[in-house]
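Asks: Below you will find the structure I want to go over with you.
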Amino acid sequence: MDELAKQLYAQMGATPVINAIGNMTMLGGSAPSPRVLEAMEVANRYYVDMDELLASSGRVIAAMLECEGALVTSGCSAAMLLGTVACMAGTDPEKMAQLPDASGMKSEIVIQKAQRYKYDRVVRMAGTRIVEAGTDEGTDTPQLTDAIGPDTLAILYPAHDERPNLVSLREMIDIAHHHEIPIIVDAASRVYPIDGLKKYAAWGADLVGYGAKYFGALNSTGLLCGRRDLVEAARLHSFASFEKNALPGYGRPLKVDRQEVAAVVVALREWLEMDHEARIAEADARGRNLRRMLTGLPHVSIDPKAEEAPASYLTLTLDESALGKSAIDVEAELRQSDPSIWLQTRGDSLQLYMGTMVDGDEAIIGERLGEILGNG
């Protein structure tokens with residue numbers, strides 16, 4: 001299979017990659033399980049009314065996640081955009097057709113300034129304007145409240161950033177609802193522990209976006225969950241409603257196929273039922289193998305060091321002066337390998353994640369690192 005995969009990518013002029021970073025969009029996101037791939041193949045037998053499928057699969061997913069509504073989307077970014085236009089235009093065809101011209105509509109999205117991130121561009125694609133609350137150092141409750149005005153459409157909260165100097169999500173939900181505005185949570189990767197798939201909507205978040213790649217579906221899929229009326233409005237903005245119901249929704253470019261919808265449902269069910277301790281143990285075993293291979297390399301320290309310590313994540317700290325090369329130099333050499341090896345660097349360290357590797361990848365990485373670092 002390894003050689004066949006190399007040949008396939010070679011035919012397309014592409015370089016195969018061993019992924020030691022995680023579920024990155026730019027590396028293809030995920031490796032669907034045999035059960036998910038089988039579901040896609042079975043779904044391929046028949047065509048289906050996509051508008052009907054989005055509605056029915058949404059009910060199935062909502063039941064699994066114990067929320068009011070759910071919609072399969074073309075990634076978490078699509079979920080955030082569809083959620084935003086649902087808040088703006090609702091189910092009004094005239095407002096749908098008007099977007100991204102937001103004239104006459106509420107169009108300000110409040111976010112804590114310290115939480116600004118590149119993905120807030122997604123909600124701005126709908127014609128909204130970002131209003132920052134607080135400073136780069138943090139936000140308090142009065143500062144958040146002051147940022148809310150008559151043109152506030154919603155509050156955006158990136159769930160990956162929950163520092164003590166910020167208004168917490170639970171407090172923010174209370175503030176948003178006091179002002180009768182929705183809160184949109186970007187929870188793209190918050191799928192494990194699995195309560196991350198349920199808790200935000202349970203707390204009262206109006207809309208929550210997830211990347212389905214993080215629970216084993218395809219890189220090109222995501223979920224929008226939350227309030228029934230807003231999720232339904234988002235569905236009416238979808239590509240399927242655009243075609244079937246002739247509604248001029250914003251989501252015509254954000255298409256998913258029937259096989260992808262099936263993959264999301266099956267992958268989510270598999271994720272919720274999975275023995276995650278066993279999944280982590282498999283990654284840990286790869287990490288332990290790699291740690292053993294790298295122990296003793298000159299001018300390299302490994303964390304965690306202890307043989308019995310968990311090893312799903314490993315950090316290699318380099319004595320760059322003694323080695324005569326930096327972590328970035330080593331990263332560049334690894335990327336030139338065949339297959340290419342991708343990891344993260346931080347300062348003088350190399351960081352490796354075992355969860356997106358296949359058994360045996362760690363041996364390839366260990367051998368290559370030994371060649372690059374062993375003669376330091």
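By order of appearance in the structure tokens: chains A, B, ..., then residues from 1 within every chain, and ligands from 1 in the order shown.
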Report as JSON lines the residues of region 221-254 of chain A within 10 Å of region 185-199 of chain A, each with its shortest atom pair and distance in Å (one decimal), using only C-alpha atoms, ordered by chain and increasing residue number.

Replies:
```
{"residue": "A:Gly222", "atom": "CA", "partner": "A:Ala188", "partner_atom": "CA", "distance": 8.3}
{"residue": "A:Leu223", "atom": "CA", "partner": "A:Ala188", "partner_atom": "CA", "distance": 8.9}
{"residue": "A:Leu224", "atom": "CA", "partner": "A:Asp186", "partner_atom": "CA", "distance": 9.7}
{"residue": "A:Cys225", "atom": "CA", "partner": "A:Lys198", "partner_atom": "CA", "distance": 9.3}
{"residue": "A:Gly226", "atom": "CA", "partner": "A:Lys198", "partner_atom": "CA", "distance": 9.6}
```

Asks: Take the residues that were just selected and, keeping N, CA and C atoms, output them as a PDB file, in the first residue's frame.

Replies:
```pdb
ATOM      1  N   GLY A 222     -17.689  19.732   7.780  1.00  0.00           N
ATOM      2  CA  GLY A 222     -17.805  20.291   9.120  1.00  0.00           C
ATOM      3  C   GLY A 222     -19.230  20.201   9.604  1.00  0.00           C
ATOM      4  N   LEU A 223     -19.481  20.792  10.752  1.00  0.00           N
ATOM      5  CA  LEU A 223     -20.818  20.792  11.353  1.00  0.00           C
ATOM      6  C   LEU A 223     -21.151  22.170  11.887  1.00  0.00           C
ATOM      7  N   LEU A 224     -22.404  22.551  11.721  1.00  0.00           N
ATOM      8  CA  LEU A 224     -22.969  23.701  12.416  1.00  0.00           C
ATOM      9  C   LEU A 224     -24.067  23.170  13.324  1.00  0.00           C
ATOM     10  N   CYS A 225     -23.968  23.475  14.611  1.00  0.00           N
ATOM     11  CA  CYS A 225     -24.925  22.970  15.591  1.00  0.00           C
ATOM     12  C   CYS A 225     -25.492  24.128  16.403  1.00  0.00           C
ATOM     13  N   GLY A 226     -26.660  23.893  17.007  1.00  0.00           N
ATOM     14  CA  GLY A 226     -27.188  24.893  17.915  1.00  0.00           C
ATOM     15  C   GLY A 226     -28.677  25.110  17.790  1.00  0.00           C
TER      16      GLY A 226
END
```

Asks: Just asking: which residues within region 67-200 of chain A are helix (DSSP H, G or I) according to DSSP, as JSON, numbers by chain?

Replies: {"A": [76, 77, 78, 79, 80, 81, 82, 83, 84, 85, 86, 87, 88, 89, 93, 94, 95, 96, 97, 98, 113, 114, 115, 120, 121, 122, 123, 124, 141, 142, 143, 144, 145, 146, 147, 169, 170, 171, 172, 173, 174, 175, 176, 177, 178, 194, 195, 196, 197, 199, 200]}

Asks: Put those residues in a file: N, CA and C atoms, as a short mmCIF file (atom, residue, chain, number, x, y, z; two decimals), in the first residue's frame.

Replies:
```cif
data_model
loop_
_atom_site.label_atom_id
_atom_site.label_comp_id
_atom_site.auth_asym_id
_atom_site.auth_seq_id
_atom_site.Cartn_x
_atom_site.Cartn_y
_atom_site.Cartn_z
N CYS A 76 -15.52 23.71 8.91
CA CYS A 76 -15.92 24.59 10.00
C CYS A 76 -16.05 26.04 9.53
N SER A 77 -15.17 26.47 8.63
CA SER A 77 -15.26 27.83 8.13
C SER A 77 -16.60 28.06 7.44
N ALA A 78 -17.05 27.08 6.67
CA ALA A 78 -18.36 27.19 6.03
C ALA A 78 -19.47 27.25 7.07
N ALA A 79 -19.32 26.48 8.14
CA ALA A 79 -20.30 26.51 9.21
C ALA A 79 -20.38 27.90 9.83
N MET A 80 -19.23 28.53 10.06
CA MET A 80 -19.21 29.86 10.65
C MET A 80 -19.84 30.89 9.71
N LEU A 81 -19.55 30.78 8.41
CA LEU A 81 -20.11 31.72 7.44
C LEU A 81 -21.62 31.54 7.31
N LEU A 82 -22.07 30.29 7.20
CA LEU A 82 -23.51 30.04 7.09
C LEU A 82 -24.23 30.46 8.37
N GLY A 83 -23.60 30.25 9.50
CA GLY A 83 -24.20 30.70 10.76
C GLY A 83 -24.33 32.22 10.82
N THR A 84 -23.32 32.90 10.29
CA THR A 84 -23.35 34.36 10.29
C THR A 84 -24.47 34.89 9.40
N VAL A 85 -24.59 34.35 8.19
CA VAL A 85 -25.64 34.86 7.29
C VAL A 85 -27.02 34.46 7.79
N ALA A 86 -27.11 33.34 8.52
CA ALA A 86 -28.40 32.97 9.12
C ALA A 86 -28.82 34.02 10.15
N CYS A 87 -27.84 34.52 10.92
CA CYS A 87 -28.15 35.58 11.89
C CYS A 87 -28.52 36.88 11.18
N MET A 88 -27.90 37.15 10.05
CA MET A 88 -28.11 38.41 9.35
C MET A 88 -29.45 38.44 8.61
N ALA A 89 -29.65 37.44 7.77
CA ALA A 89 -30.78 37.47 6.83
C ALA A 89 -31.90 36.53 7.21
N PRO A 93 -35.97 35.99 1.81
CA PRO A 93 -35.32 35.91 0.49
C PRO A 93 -34.73 37.22 0.02
N GLU A 94 -35.36 38.34 0.34
CA GLU A 94 -34.84 39.63 -0.11
C GLU A 94 -33.52 39.96 0.58
N LYS A 95 -33.45 39.68 1.87
CA LYS A 95 -32.18 39.90 2.58
C LYS A 95 -31.11 38.92 2.10
N MET A 96 -31.50 37.68 1.85
CA MET A 96 -30.56 36.71 1.31
C MET A 96 -29.91 37.23 0.02
N ALA A 97 -30.77 37.72 -0.88
CA ALA A 97 -30.28 38.19 -2.17
C ALA A 97 -29.42 39.43 -2.04
N GLN A 98 -29.64 40.21 -1.00
CA GLN A 98 -28.91 41.46 -0.82
C GLN A 98 -27.47 41.24 -0.38
N LYS A 113 -10.61 41.58 21.75
CA LYS A 113 -9.46 41.94 20.93
C LYS A 113 -8.33 40.92 21.04
N ALA A 114 -8.10 40.40 22.23
CA ALA A 114 -7.02 39.44 22.43
C ALA A 114 -7.30 38.11 21.74
N GLN A 115 -8.54 37.90 21.30
CA GLN A 115 -8.90 36.66 20.62
C GLN A 115 -8.94 36.80 19.10
N ASP A 120 -11.34 34.89 11.83
CA ASP A 120 -12.48 35.81 11.93
C ASP A 120 -12.75 36.47 10.57
N ARG A 121 -11.82 36.30 9.65
CA ARG A 121 -12.07 36.74 8.27
C ARG A 121 -13.30 36.04 7.69
N VAL A 122 -13.55 34.82 8.13
CA VAL A 122 -14.66 34.05 7.58
C VAL A 122 -15.99 34.74 7.82
N VAL A 123 -16.21 35.23 9.04
CA VAL A 123 -17.50 35.88 9.31
C VAL A 123 -17.58 37.23 8.62
N ARG A 124 -16.43 37.85 8.33
CA ARG A 124 -16.44 39.12 7.61
C ARG A 124 -16.82 38.95 6.15
N THR A 141 -15.65 42.42 31.81
CA THR A 141 -17.07 42.45 31.48
C THR A 141 -17.56 43.82 31.03
N PRO A 142 -17.19 44.92 31.72
CA PRO A 142 -17.63 46.24 31.24
C PRO A 142 -17.14 46.55 29.82
N GLN A 143 -15.91 46.16 29.50
CA GLN A 143 -15.40 46.42 28.16
C GLN A 143 -16.18 45.64 27.11
N LEU A 144 -16.54 44.40 27.43
CA LEU A 144 -17.34 43.62 26.49
C LEU A 144 -18.71 44.26 26.30
N THR A 145 -19.33 44.65 27.40
CA THR A 145 -20.66 45.26 27.32
C THR A 145 -20.62 46.56 26.53
N ASP A 146 -19.56 47.35 26.71
CA ASP A 146 -19.43 48.62 26.00
C ASP A 146 -19.32 48.41 24.49
N ALA A 147 -18.80 47.27 24.08
CA ALA A 147 -18.61 47.01 22.64
C ALA A 147 -19.92 46.63 21.95
N LEU A 169 -16.52 32.02 28.26
CA LEU A 169 -17.62 31.74 27.35
C LEU A 169 -18.95 31.71 28.08
N ARG A 170 -18.99 31.09 29.23
CA ARG A 170 -20.26 30.98 29.95
C ARG A 170 -20.78 32.36 30.36
N GLU A 171 -19.87 33.23 30.79
CA GLU A 171 -20.30 34.58 31.12
C GLU A 171 -20.72 35.33 29.86
N MET A 172 -19.99 35.10 28.80
CA MET A 172 -20.30 35.78 27.55
C MET A 172 -21.68 35.37 27.02
N ILE A 173 -22.03 34.10 27.18
CA ILE A 173 -23.35 33.63 26.77
C ILE A 173 -24.43 34.39 27.54
N ASP A 174 -24.23 34.54 28.84
CA ASP A 174 -25.21 35.29 29.64
C ASP A 174 -25.33 36.73 29.17
N ILE A 175 -24.19 37.35 28.88
CA ILE A 175 -24.20 38.75 28.42
C ILE A 175 -24.90 38.86 27.07
N ALA A 176 -24.58 37.96 26.16
CA ALA A 176 -25.19 38.00 24.83
C ALA A 176 -26.70 37.84 24.93
N HIS A 177 -27.14 36.91 25.72
CA HIS A 177 -28.58 36.66 25.82
C HIS A 177 -29.29 37.79 26.56
N HIS A 178 -28.61 38.42 27.49
CA HIS A 178 -29.20 39.59 28.16
C HIS A 178 -29.48 40.70 27.14
N ILE A 194 -14.83 14.20 24.42
CA ILE A 194 -16.00 14.30 23.56
C ILE A 194 -17.09 15.20 24.11
N ASP A 195 -16.99 15.61 25.39
CA ASP A 195 -17.99 16.56 25.88
C ASP A 195 -17.89 17.90 25.16
N GLY A 196 -16.76 18.14 24.47
CA GLY A 196 -16.62 19.34 23.67
C GLY A 196 -17.59 19.40 22.51
N LEU A 197 -18.11 18.25 22.11
CA LEU A 197 -19.10 18.20 21.04
C LEU A 197 -20.50 18.55 21.52
N LYS A 199 -21.07 20.35 25.00
CA LYS A 199 -21.21 21.27 26.13
C LYS A 199 -21.54 22.70 25.71
N TYR A 200 -21.02 23.16 24.58
CA TYR A 200 -21.24 24.57 24.22
C TYR A 200 -22.71 24.85 23.94
#
```

Asks: If you take only C-alpha atoms and a cut-off of 8 Å, which residues of region 291-329 of chain A touch region 360-370 of chain A, and what are their nearest atom pairs and distances in Å to one decimal, in chain and number order, as a Markdown table?

Replies:
```
| residue | atom | partner | partner_atom | distance |
| --- | --- | --- | --- | --- |
| A:Met293 | CA | A:Gly366 | CA | 5.9 |
| A:Leu294 | CA | A:Gly366 | CA | 6.3 |
| A:Leu297 | CA | A:Gly370 | CA | 7.3 |
```

Asks: Take the residues that were just selected and, keeping N, CA and C atoms, output them as a CSV table (one decimal), in the first residue's frame.

Replies:
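Written file, again.csv:
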```
chain,number,residue,atom,x,y,z
A,293,MET,N,14.3,5.0,19.7
A,293,MET,CA,15.2,5.2,18.6
A,293,MET,C,16.1,6.4,18.7
A,294,LEU,N,15.6,7.5,19.3
A,294,LEU,CA,16.3,8.7,19.4
A,294,LEU,C,17.1,8.9,20.6
A,297,LEU,N,21.0,10.3,21.0
A,297,LEU,CA,21.5,11.2,20.0
A,297,LEU,C,22.2,12.4,20.6
```

Asks: Hey, what's within 8 Å of region 232-237 of chain A if we count only C-alpha atoms and toss same-chain stuff fewer than 5 positions away? As JSON, numbers by chain, please?

Replies: {"A": [54, 55, 69, 71, 82, 83, 85, 86, 90, 91, 96, 242, 247, 248, 249, 250, 251, 252]}

Asks: Rank nothing, just name the residue among A:Glu282, A:Asp329, A:Asp92, A:Glu66 nearest to Trp203 (chain A), using only C-alpha atoms.

Replies: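 Comparing A:Glu282, A:Asp329, A:Asp92, A:Glu66 against Trp203 (chain A), the winner is A:Glu66.
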
Asks: If DSSP is run on the backbone, what residues of region 288-355 of chain A are strand (DSSP E)? A reply as a VMD selection string would be ideal.

Replies: chain A and resid 300 to 303 313 to 318 340 to 342 344 to 346 349 to 353

Asks: Report as a PyMOL selection string all protein, DNA and RNA residues lying within 12 Å of Met274 (chain A), evaluated on only C-alpha atoms, omitting residues in the same chain fewer than 6 positions from it.

Replies: chain A and resi 33+192-194+215-216+266-268+280

Asks: By how many Å are CA of Pro158 (chain A) and CA of Ala62 (chain A) apart?

Replies: 21.5 Å

Asks: Any idea what's packed within 6 Å of Tyr353 (chain A), counting only C-alpha atoms, ignoring anything in its chain fewer than 3 positions away? Could you give it as a PyMOL selection string?

Replies: chain A and resi 20-21+313

Asks: Produce a file of the selected residues containing N, CA and C atoms, as an mmCIF file, in the first residue's frame.

Replies:
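Done, and the output landed in part.cif:
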```
data_model
loop_
_atom_site.group_PDB
_atom_site.id
_atom_site.type_symbol
_atom_site.label_atom_id
_atom_site.label_comp_id
_atom_site.auth_asym_id
_atom_site.auth_seq_id
_atom_site.Cartn_x
_atom_site.Cartn_y
_atom_site.Cartn_z
ATOM 1 N N ALA A 20 3.332 14.456 11.180
ATOM 2 C CA ALA A 20 3.636 14.436 12.613
ATOM 3 C C ALA A 20 3.204 15.743 13.261
ATOM 4 N N ILE A 21 2.185 16.399 12.675
ATOM 5 C CA ILE A 21 1.688 17.661 13.206
ATOM 6 C C ILE A 21 0.304 17.499 13.813
ATOM 7 N N TYR A 313 2.923 12.875 22.360
ATOM 8 C CA TYR A 313 3.615 14.076 21.898
ATOM 9 C C TYR A 313 5.053 13.986 22.373
#
```

Asks: What is the distance, in Å and to one decimal place, between CA of Ile372 (chain A) and CA of Leu323 (chain A)?

Replies: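 Taking CA of Ile372 (chain A) and CA of Leu323 (chain A), their separation equals 9.8 Å.
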
Asks: Give me, please, the distance in Å between CA of Val231 (chain A) and CA of Trp271 (chain A), quoted to one decimal.

Replies: 22.6 Å

Asks: With only C-alpha atoms as the atoms that count, which of A:Gly324, A:Arg116, A:Val131, A:Lys106 lies nearest to Pro182 (chain A)?

Replies: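 The shortest atom-to-atom distance to Pro182 (chain A) comes from A:Lys106.
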
Asks: Excluding same-chain residues fewer than 2 positions from Glu108 (chain A), what lies within 9 Å of it counting only C-alpha atoms, as a list in words?

Replies: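 So, after excluding close chain neighbours, the residues are Lys106, Val110, Thr128, Arg129, Ile130, Val131, Ile148, Gly149, Asp151, Thr152, Leu153, Ala154 and Ile155 of chain A.
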
Asks: Give the answer as one residue: which of A:Glu132, A:Asp348, A:Glu270, A:Asp206 has the shortest atom-to-atom distance to Leu316 (chain A), using only C-alpha atoms?

Replies: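 For Leu316 (chain A), the nearest of the candidates is A:Asp348.
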